[in-house]
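Asker: Following this line is protein-v4.cif, made up of mmCIF, C-alpha atoms:
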```
data_query
loop_
_atom_site.label_atom_id
_atom_site.label_comp_id
_atom_site.auth_asym_id
_atom_site.auth_seq_id
_atom_site.Cartn_x
_atom_site.Cartn_y
_atom_site.Cartn_z
CA ARG A 1 -27.90 -22.83 -34.04
CA THR A 2 -30.83 -21.93 -31.82
CA VAL A 3 -28.59 -20.05 -29.42
CA ALA A 4 -26.95 -18.27 -32.36
CA ALA A 5 -30.39 -17.27 -33.63
CA PHE A 6 -31.19 -15.65 -30.29
CA LEU A 7 -28.10 -13.42 -30.39
CA PRO A 8 -29.48 -10.83 -32.83
CA PHE A 9 -32.64 -10.51 -30.75
CA TRP A 10 -30.55 -10.04 -27.60
CA GLY A 11 -28.56 -7.28 -29.28
CA VAL A 12 -31.60 -5.59 -30.87
CA PRO A 13 -34.68 -6.69 -28.92
CA ALA A 14 -37.70 -7.42 -31.10
CA ASP A 15 -41.24 -6.44 -30.21
CA ILE A 16 -42.40 -9.87 -31.38
CA LEU A 17 -40.18 -12.87 -32.05
CA LEU A 18 -41.59 -15.39 -34.51
CA LEU A 19 -39.51 -18.49 -33.80
CA GLU A 20 -39.78 -21.38 -36.25
CA THR A 21 -39.07 -24.90 -35.09
CA GLY A 22 -36.16 -26.56 -36.86
CA LEU A 23 -37.55 -30.10 -37.05
CA GLY A 24 -40.86 -31.35 -35.78
CA GLY A 25 -41.49 -29.82 -32.40
CA GLU A 26 -41.49 -32.31 -29.55
CA TYR A 27 -37.71 -32.54 -29.26
CA ASP A 28 -36.86 -29.28 -30.99
CA ALA A 29 -34.41 -26.88 -29.34
CA THR A 30 -36.94 -24.06 -29.64
CA ASN A 31 -38.83 -25.66 -26.75
CA VAL A 32 -36.52 -23.75 -24.40
CA ILE A 33 -39.23 -21.06 -24.67
CA ALA A 34 -41.45 -22.31 -21.88
CA ALA A 35 -44.31 -19.80 -22.07
CA PRO A 36 -44.70 -18.20 -25.53
CA LEU A 37 -47.46 -15.70 -26.18
CA ALA A 38 -48.93 -18.33 -28.52
CA THR A 39 -47.95 -21.25 -30.72
CA VAL A 40 -48.91 -21.79 -34.36
CA ILE A 41 -49.18 -25.08 -36.26
CA MET A 42 -49.36 -24.83 -40.03
CA PRO A 43 -50.87 -27.61 -42.21
CA ILE A 44 -49.31 -30.99 -41.44
CA SER A 45 -47.90 -32.88 -44.42
CA PHE A 46 -45.42 -35.68 -45.07
CA ASP A 47 -41.89 -34.41 -44.45
CA HIS A 48 -38.85 -35.52 -42.43
CA MET A 49 -40.46 -38.96 -42.12
CA GLN A 50 -37.16 -40.59 -41.10
CA PHE A 51 -37.30 -38.49 -37.90
CA LEU A 52 -40.98 -37.76 -37.30
CA GLY A 53 -42.74 -40.95 -38.40
CA ASP A 54 -44.38 -42.49 -41.42
CA SER A 55 -47.96 -41.29 -40.89
CA LEU A 56 -49.65 -37.91 -40.57
CA ALA A 57 -50.74 -38.86 -37.05
CA LYS A 58 -47.13 -39.52 -35.97
CA ILE A 59 -45.89 -36.34 -37.61
CA ALA A 60 -48.71 -34.36 -35.98
CA ALA A 61 -47.78 -35.81 -32.59
CA ALA A 62 -44.24 -34.53 -33.05
CA LYS A 63 -45.44 -31.13 -34.25
CA ALA A 64 -47.86 -30.85 -31.33
CA GLY A 65 -44.82 -30.96 -29.06
CA ILE A 66 -44.64 -27.16 -29.31
CA LEU A 67 -47.96 -26.78 -27.46
CA LYS A 68 -47.43 -25.33 -23.98
CA GLN A 69 -49.51 -25.70 -20.83
CA GLY A 70 -52.34 -23.17 -20.94
CA ARG A 71 -50.88 -21.14 -23.80
CA PRO A 72 -53.12 -20.53 -26.85
CA ALA A 73 -52.47 -22.34 -30.13
CA ILE A 74 -53.46 -21.10 -33.58
CA ILE A 75 -54.12 -24.06 -35.89
CA ALA A 76 -54.26 -23.84 -39.68
CA GLN A 77 -56.49 -26.17 -41.72
CA GLN A 78 -55.43 -29.75 -41.00
CA PRO A 79 -56.06 -33.24 -42.37
CA PRO A 80 -58.54 -35.00 -40.03
CA GLU A 81 -56.00 -37.47 -38.61
CA ALA A 82 -53.59 -34.65 -37.77
CA ALA A 83 -56.33 -32.48 -36.27
CA ALA A 84 -57.41 -35.29 -33.93
CA VAL A 85 -53.88 -35.71 -32.57
CA ILE A 86 -53.39 -31.97 -32.05
CA GLU A 87 -56.74 -31.60 -30.30
CA ALA A 88 -56.00 -34.52 -27.95
CA ARG A 89 -52.65 -33.01 -26.96
CA ALA A 90 -54.29 -29.61 -26.48
CA THR A 91 -56.94 -31.10 -24.20
CA ALA A 92 -54.28 -32.76 -22.05
CA LEU A 93 -52.38 -29.48 -21.67
CA LYS A 94 -55.47 -27.25 -21.32
CA VAL A 95 -54.42 -25.34 -24.42
CA PRO A 96 -57.03 -22.94 -25.87
CA LEU A 97 -57.34 -23.78 -29.58
CA TRP A 98 -57.98 -21.21 -32.34
CA ARG A 99 -58.70 -23.49 -35.31
CA CYS A 100 -59.35 -22.73 -38.95
CA GLY A 101 -62.89 -23.82 -39.74
CA SER A 102 -64.00 -23.62 -36.10
CA GLU A 103 -62.93 -20.52 -34.17
CA TRP A 104 -61.97 -18.65 -37.34
CA THR A 105 -62.59 -18.84 -41.08
CA PHE A 106 -61.54 -17.05 -44.22
CA GLU A 107 -62.98 -16.62 -47.70
CA ILE A 108 -61.13 -15.70 -50.88
CA GLY A 109 -62.63 -12.91 -52.98
CA ASP A 110 -61.85 -11.16 -56.25
CA SER A 111 -59.42 -8.61 -54.79
CA GLY A 112 -58.35 -10.22 -51.55
CA PHE A 113 -59.92 -12.21 -48.73
CA SER A 114 -62.09 -11.81 -45.68
CA TYR A 115 -61.22 -13.12 -42.24
CA ARG A 116 -63.88 -13.79 -39.61
CA ASP A 117 -63.91 -14.87 -35.98
CA ALA A 118 -65.96 -14.19 -32.85
CA LYS A 119 -64.50 -10.68 -32.68
CA GLY A 120 -65.84 -9.80 -36.12
CA ALA A 121 -64.81 -9.75 -39.76
CA ILE A 122 -62.13 -7.83 -41.61
CA SER A 123 -61.44 -7.46 -45.33
CA LEU A 124 -57.83 -7.72 -46.43
CA PRO A 125 -55.92 -7.34 -49.70
CA ARG A 126 -54.49 -10.14 -51.81
CA PRO A 127 -51.16 -11.40 -50.33
CA VAL A 128 -48.15 -10.24 -52.31
CA LEU A 129 -46.62 -13.72 -52.09
CA PRO A 130 -47.74 -15.62 -55.21
CA GLY A 131 -49.96 -18.69 -55.20
CA ARG A 132 -53.47 -19.45 -54.02
CA HIS A 133 -52.07 -21.39 -51.05
CA GLN A 134 -50.76 -18.11 -49.61
CA TYR A 135 -54.31 -17.08 -48.69
CA GLY A 136 -54.43 -19.85 -46.09
CA ASN A 137 -50.99 -18.89 -44.82
CA ALA A 138 -52.01 -15.23 -44.62
CA ALA A 139 -55.26 -16.02 -42.83
CA THR A 140 -53.39 -18.11 -40.25
CA ALA A 141 -51.03 -15.20 -39.65
CA VAL A 142 -54.02 -12.90 -39.20
CA ALA A 143 -55.53 -15.37 -36.73
CA ALA A 144 -52.31 -15.26 -34.71
CA THR A 145 -52.50 -11.47 -34.43
CA ARG A 146 -55.79 -11.81 -32.54
CA TRP A 147 -53.78 -13.04 -29.53
CA LEU A 148 -51.30 -10.15 -29.64
CA HIS A 149 -53.62 -7.60 -28.04
CA GLU A 150 -50.95 -5.50 -26.34
CA PHE A 151 -49.17 -4.68 -29.61
CA GLY A 152 -52.09 -2.81 -31.17
CA LEU A 153 -51.85 -4.36 -34.64
CA SER A 154 -54.42 -2.48 -36.71
CA GLU A 155 -56.09 -3.69 -39.89
CA ARG A 156 -53.92 -1.21 -41.78
CA THR A 157 -50.77 -2.69 -40.23
CA ILE A 158 -51.86 -6.23 -41.05
CA ALA A 159 -52.69 -5.23 -44.63
CA ALA A 160 -49.28 -3.59 -44.99
CA GLY A 161 -47.64 -6.81 -43.86
CA LEU A 162 -49.58 -8.88 -46.38
CA THR A 163 -48.70 -6.59 -49.28
CA GLY A 164 -45.08 -5.95 -48.28
CA ALA A 165 -43.91 -9.43 -47.29
CA VAL A 166 -40.73 -10.85 -48.79
CA TRP A 167 -39.93 -14.58 -48.64
CA PRO A 168 -36.82 -15.63 -50.57
CA ALA A 169 -36.94 -18.99 -52.37
CA ARG A 170 -40.72 -19.36 -52.09
CA MET A 171 -41.99 -18.86 -55.63
CA GLN A 172 -39.49 -16.05 -55.98
CA ARG A 173 -38.96 -14.53 -59.39
CA LEU A 174 -35.29 -13.76 -59.97
CA LYS A 175 -35.01 -10.44 -61.78
CA ARG A 176 -31.28 -9.75 -61.83
CA GLY A 177 -27.94 -11.54 -61.62
CA PRO A 178 -25.74 -13.77 -63.81
CA LEU A 179 -28.42 -16.42 -64.36
CA VAL A 180 -31.03 -13.85 -65.35
CA ASP A 181 -28.54 -12.29 -67.74
CA LEU A 182 -28.52 -15.56 -69.71
CA LEU A 183 -32.26 -15.37 -70.46
CA PRO A 184 -33.64 -14.44 -73.89
CA PRO A 185 -36.29 -11.68 -74.00
CA ASP A 186 -39.59 -12.46 -72.22
CA TRP A 187 -38.19 -15.49 -70.41
CA GLU A 188 -38.75 -15.80 -66.66
CA LEU A 189 -36.59 -17.46 -63.98
CA TRP A 190 -38.24 -18.60 -60.75
CA LEU A 191 -36.94 -20.24 -57.57
CA ASP A 192 -38.71 -22.36 -54.97
CA GLY A 193 -37.29 -24.42 -52.11
CA GLY A 194 -40.30 -26.71 -51.61
CA HIS A 195 -39.25 -30.35 -51.32
CA ASN A 196 -42.13 -32.64 -50.32
CA ALA A 197 -45.33 -34.01 -51.84
CA ASP A 198 -47.46 -31.07 -50.69
CA ALA A 199 -44.91 -28.65 -52.13
CA GLY A 200 -45.13 -30.46 -55.46
CA GLN A 201 -48.90 -30.02 -55.44
CA VAL A 202 -48.61 -26.34 -54.50
CA ILE A 203 -46.03 -25.64 -57.22
CA ALA A 204 -48.18 -27.46 -59.78
CA GLY A 205 -51.09 -25.24 -58.78
CA MET A 206 -48.91 -22.18 -59.15
CA ILE A 207 -47.87 -23.24 -62.65
CA GLU A 208 -51.54 -23.67 -63.56
CA GLU A 209 -52.19 -20.13 -62.31
CA TRP A 210 -49.32 -18.88 -64.47
CA GLN A 211 -50.75 -20.57 -67.51
CA GLN A 212 -54.18 -19.06 -66.95
CA ALA A 213 -52.61 -15.60 -66.84
CA THR A 214 -49.90 -15.88 -69.51
CA ARG A 215 -49.33 -19.21 -71.21
CA LYS A 216 -45.64 -20.10 -71.46
CA PRO A 217 -44.01 -23.55 -71.45
CA VAL A 218 -42.29 -24.47 -68.18
CA SER A 219 -38.90 -26.16 -67.76
CA LEU A 220 -37.65 -27.37 -64.38
CA ILE A 221 -34.13 -27.36 -62.95
CA PHE A 222 -34.23 -29.87 -60.11
CA GLY A 223 -32.00 -30.96 -57.23
CA MET A 224 -32.96 -32.69 -53.98
CA LEU A 225 -31.52 -34.28 -50.84
CA THR A 226 -31.50 -38.07 -50.46
CA SER A 227 -33.66 -37.73 -47.31
CA LYS A 228 -36.64 -36.58 -49.42
CA ASP A 229 -39.09 -38.42 -51.69
CA PRO A 230 -38.41 -37.20 -55.25
CA LEU A 231 -41.24 -39.12 -56.89
CA ALA A 232 -43.85 -37.73 -54.50
CA PHE A 233 -42.59 -34.23 -55.30
CA LEU A 234 -42.25 -34.67 -59.07
CA ARG A 235 -45.43 -36.56 -59.96
CA PRO A 236 -47.74 -33.52 -59.57
CA LEU A 237 -45.34 -31.49 -61.74
CA ALA A 238 -45.16 -33.91 -64.66
CA PRO A 239 -48.49 -32.83 -66.20
CA VAL A 240 -47.66 -29.10 -66.07
CA ALA A 241 -43.93 -28.98 -66.92
CA GLU A 242 -42.39 -29.78 -70.28
CA ASP A 243 -38.99 -31.11 -69.22
CA LEU A 244 -36.51 -31.32 -66.37
CA SER A 245 -32.79 -30.67 -66.01
CA ALA A 246 -31.25 -32.44 -63.01
CA VAL A 247 -28.37 -30.97 -61.00
CA SER A 248 -26.65 -31.85 -57.74
CA ILE A 249 -26.58 -29.48 -54.77
CA PRO A 250 -23.03 -28.06 -54.69
CA GLY A 251 -20.99 -29.10 -51.68
CA ASP A 252 -23.68 -31.33 -50.18
CA HIS A 253 -22.87 -35.02 -49.94
CA SER A 254 -26.54 -35.74 -49.21
CA SER A 255 -27.61 -34.54 -52.64
CA ILE A 256 -29.29 -37.05 -54.94
CA ALA A 257 -26.78 -37.95 -57.64
CA VAL A 258 -27.58 -36.44 -61.02
CA PRO A 259 -28.09 -39.80 -62.81
CA ASP A 260 -30.48 -40.88 -60.05
CA ALA A 261 -32.38 -37.58 -60.24
CA VAL A 262 -32.73 -38.06 -63.99
CA GLY A 263 -34.10 -41.54 -63.38
CA PHE A 264 -36.65 -40.32 -60.83
CA ALA A 265 -37.80 -37.57 -63.20
CA ARG A 266 -38.30 -40.00 -66.08
CA GLN A 267 -40.12 -42.40 -63.75
CA ALA A 268 -42.46 -39.53 -62.82
CA GLY A 269 -43.12 -38.91 -66.52
CA LEU A 270 -40.81 -35.97 -67.23
CA PRO A 271 -38.22 -35.95 -70.04
CA ALA A 272 -34.94 -35.33 -68.23
CA GLU A 273 -31.20 -34.79 -68.68
CA GLY A 274 -28.41 -34.14 -66.19
CA TYR A 275 -26.06 -31.16 -65.90
CA ASP A 276 -23.12 -30.02 -63.79
CA SER A 277 -24.72 -26.83 -62.46
CA PRO A 278 -27.84 -24.68 -62.61
CA ALA A 279 -26.03 -22.35 -65.04
CA ALA A 280 -25.19 -25.24 -67.36
CA ALA A 281 -28.76 -26.53 -67.12
CA LEU A 282 -30.18 -23.10 -67.93
CA ALA A 283 -27.85 -22.69 -70.90
CA ALA A 284 -28.93 -26.10 -72.23
CA ILE A 285 -32.63 -25.22 -71.83
CA ILE A 286 -32.10 -22.03 -73.81
CA ALA A 287 -30.18 -23.86 -76.52
CA ARG A 288 -32.84 -26.55 -76.73
CA HIS A 289 -35.88 -24.29 -76.91
CA GLY A 290 -34.57 -21.23 -78.73
CA SER A 291 -36.04 -17.82 -78.08
CA THR A 292 -39.69 -18.81 -77.55
CA PRO A 293 -40.74 -17.21 -74.22
CA ARG A 294 -40.57 -19.74 -71.39
CA ARG A 295 -40.60 -20.00 -67.62
CA VAL A 296 -37.76 -21.84 -65.90
CA LEU A 297 -38.28 -22.96 -62.30
CA ILE A 298 -35.39 -24.06 -60.09
CA CYS A 299 -36.85 -26.32 -57.40
CA GLY A 300 -36.53 -29.31 -55.09
CA SER A 301 -34.43 -28.08 -52.16
CA LEU A 302 -33.90 -25.09 -49.91
CA TYR A 303 -30.19 -25.96 -49.97
CA LEU A 304 -30.18 -25.71 -53.76
CA ALA A 305 -32.16 -22.48 -53.53
CA GLY A 306 -29.63 -21.02 -51.09
CA THR A 307 -26.78 -21.88 -53.44
CA VAL A 308 -28.58 -20.28 -56.37
CA LEU A 309 -29.31 -17.10 -54.43
CA ALA A 310 -25.68 -16.83 -53.32
CA GLU A 311 -24.23 -17.49 -56.77
CA ASN A 312 -26.75 -15.25 -58.54
CA ALA A 313 -26.23 -12.27 -56.23
#
```
Taking this structure as input, can you express it in the form of structure tokens?
Answerer:
Amino acid sequence: RTVAAFLPFWGVPADILLLETGLGGEYDATNVIAAPLATVIMPISFDHMQFLGDSLAKIAAAKAGILKQGRPAIIAQQPPEAAAVIEARATALKVPLWRCGSEWTFEIGDSGFSYRDAKGAISLPRPVLPGRHQYGNAATAVAATRWLHEFGLSERTIAAGLTGAVWPARMQRLKRGPLVDLLPPDWELWLDGGHNADAGQVIAGMIEEWQQATRKPVSLIFGMLTSKDPLAFLRPLAPVAEDLSAVSIPGDHSSIAVPDAVGFARQAGLPAEGYDSPAAALAAIIARHGSTPRRVLICGSLYLAGTVLAENA
């Protein structure tokens, strides 16, 4: 897959290639890039524990495997135990660190955010991607641009990127397609592929932001792989969602079975029922709640999100 990913860039060379690791970092195939311009480590959280380890320190050690001898590393805000591991690895490899809270900071304002480092401060607009967590993501991206001197990325260019970004299946509102056509007036259909405990917290925060802006009840359509922790994901959502409709991920034998997903949801404190497909789940939600405006969020898996995007095209 990594080789296949390189083919488009060989055919149409990119000015900058942002290459995401597939799993962890230490043993990831993307390590064939021996001397990147820089590496970036986003906030460490519990994910892929069966491969990376059962503690944040172990996961951070795997993630720190992308650090390269003498090459700079941009580090987003980290839990203390993860930060310590990353810093130790960086010291061993003589990696210059550019850390949130040390070498750079950011502050959220009414209409956007400010970014500051030793080179100065810049004011930037609110990221177009929804959710308060996107400010930290955006600031980390801005921090990375500080190492790309030869590309001449101006403040205007950076601002255009923040306001024009598109990220399918990350708090994406679906506005057309067969599923959207089922919705009564003033209903909303959203899609997010987050699948771990931190994602559950982030989505819960996003729902709270929705409710502050326009209060509508929220129903979940949920599917997840057996390699994930459904309770850790669902518990933060139970206080902010009204009910859950469980589905399996079509064509994926690793999908949590619908009856099991229903059981996990009820254990987390969410009323739940099972359905054969997202379309069937959505139809049942509409039948159950009538025409009262509502938000429906499909969540729990990037694989489920991909299926929804393909079928709703």
Asker: Translate the PyMOL selection byres ((chain A and resi 304) around 9) into a concrete residue list for this structure, as a compact mmCIF listing (two decimals) with C-alpha atoms, keeping the file's coordinate frame.
Answerer:
```txt
# COMPACT_ATOMS: atom_id res chain seq x y z
CA GLY A 193 -37.29 -24.42 -52.11
CA PHE A 222 -34.23 -29.87 -60.11
CA GLY A 223 -32.00 -30.96 -57.23
CA MET A 224 -32.96 -32.69 -53.98
CA SER A 248 -26.65 -31.85 -57.74
CA ILE A 249 -26.58 -29.48 -54.77
CA PRO A 250 -23.03 -28.06 -54.69
CA ILE A 298 -35.39 -24.06 -60.09
CA CYS A 299 -36.85 -26.32 -57.40
CA GLY A 300 -36.53 -29.31 -55.09
CA SER A 301 -34.43 -28.08 -52.16
CA LEU A 302 -33.90 -25.09 -49.91
CA TYR A 303 -30.19 -25.96 -49.97
CA ALA A 305 -32.16 -22.48 -53.53
CA GLY A 306 -29.63 -21.02 -51.09
CA THR A 307 -26.78 -21.88 -53.44
CA VAL A 308 -28.58 -20.28 -56.37
CA LEU A 309 -29.31 -17.10 -54.43
```
Asker: Counting only C-alpha atoms, which residue out of A:Arg294, A:Arg89, A:His149, A:Lys119 sits closest to Trp190 (chain A)?
Answerer: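 For Trp190 (chain A), the nearest of the given residues is A:Arg294.
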Asker: Quote the spacing between CA of Asp276 (chain A) and CA of Ala238 (chain A) in Å to one decimal place.
Answerer: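 A separation of 22.4 Å between them.
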Asker: On this structure, the PyMOL selection byres ((chain A and resi 175-179) around 7) would catch which residues? List them as a short mmCIF file (atom, residue, chain, number, x, y, z; two decimals) with C-alpha atoms, in the frame of the given file, sorted by chain and number.
Answerer:
```cif
data_model
loop_
_atom_site.label_atom_id
_atom_site.label_comp_id
_atom_site.auth_asym_id
_atom_site.auth_seq_id
_atom_site.Cartn_x
_atom_site.Cartn_y
_atom_site.Cartn_z
CA ARG A 173 -38.96 -14.53 -59.39
CA LEU A 174 -35.29 -13.76 -59.97
CA VAL A 180 -31.03 -13.85 -65.35
CA ASP A 181 -28.54 -12.29 -67.74
CA LEU A 182 -28.52 -15.56 -69.71
CA ALA A 279 -26.03 -22.35 -65.04
CA ASN A 312 -26.75 -15.25 -58.54
CA ALA A 313 -26.23 -12.27 -56.23
#
```
Asker: Would you write out, as a ChimeraX atom specification, every residue that the PyMOL selection byres ((chain A and resi 273) around 7) captures in this file?
Answerer: /A:244-246,262,272,274-275
Asker: Pick the closest to Asp117 (chain A) from A:Pro236, A:Gly101, A:Pro271, A:Gly131: which is it, counting only C-alpha atoms?
Answerer: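 Of A:Pro236, A:Gly101, A:Pro271, A:Gly131, the one nearest Asp117 (chain A) is A:Gly101, counting only C-alpha atoms.
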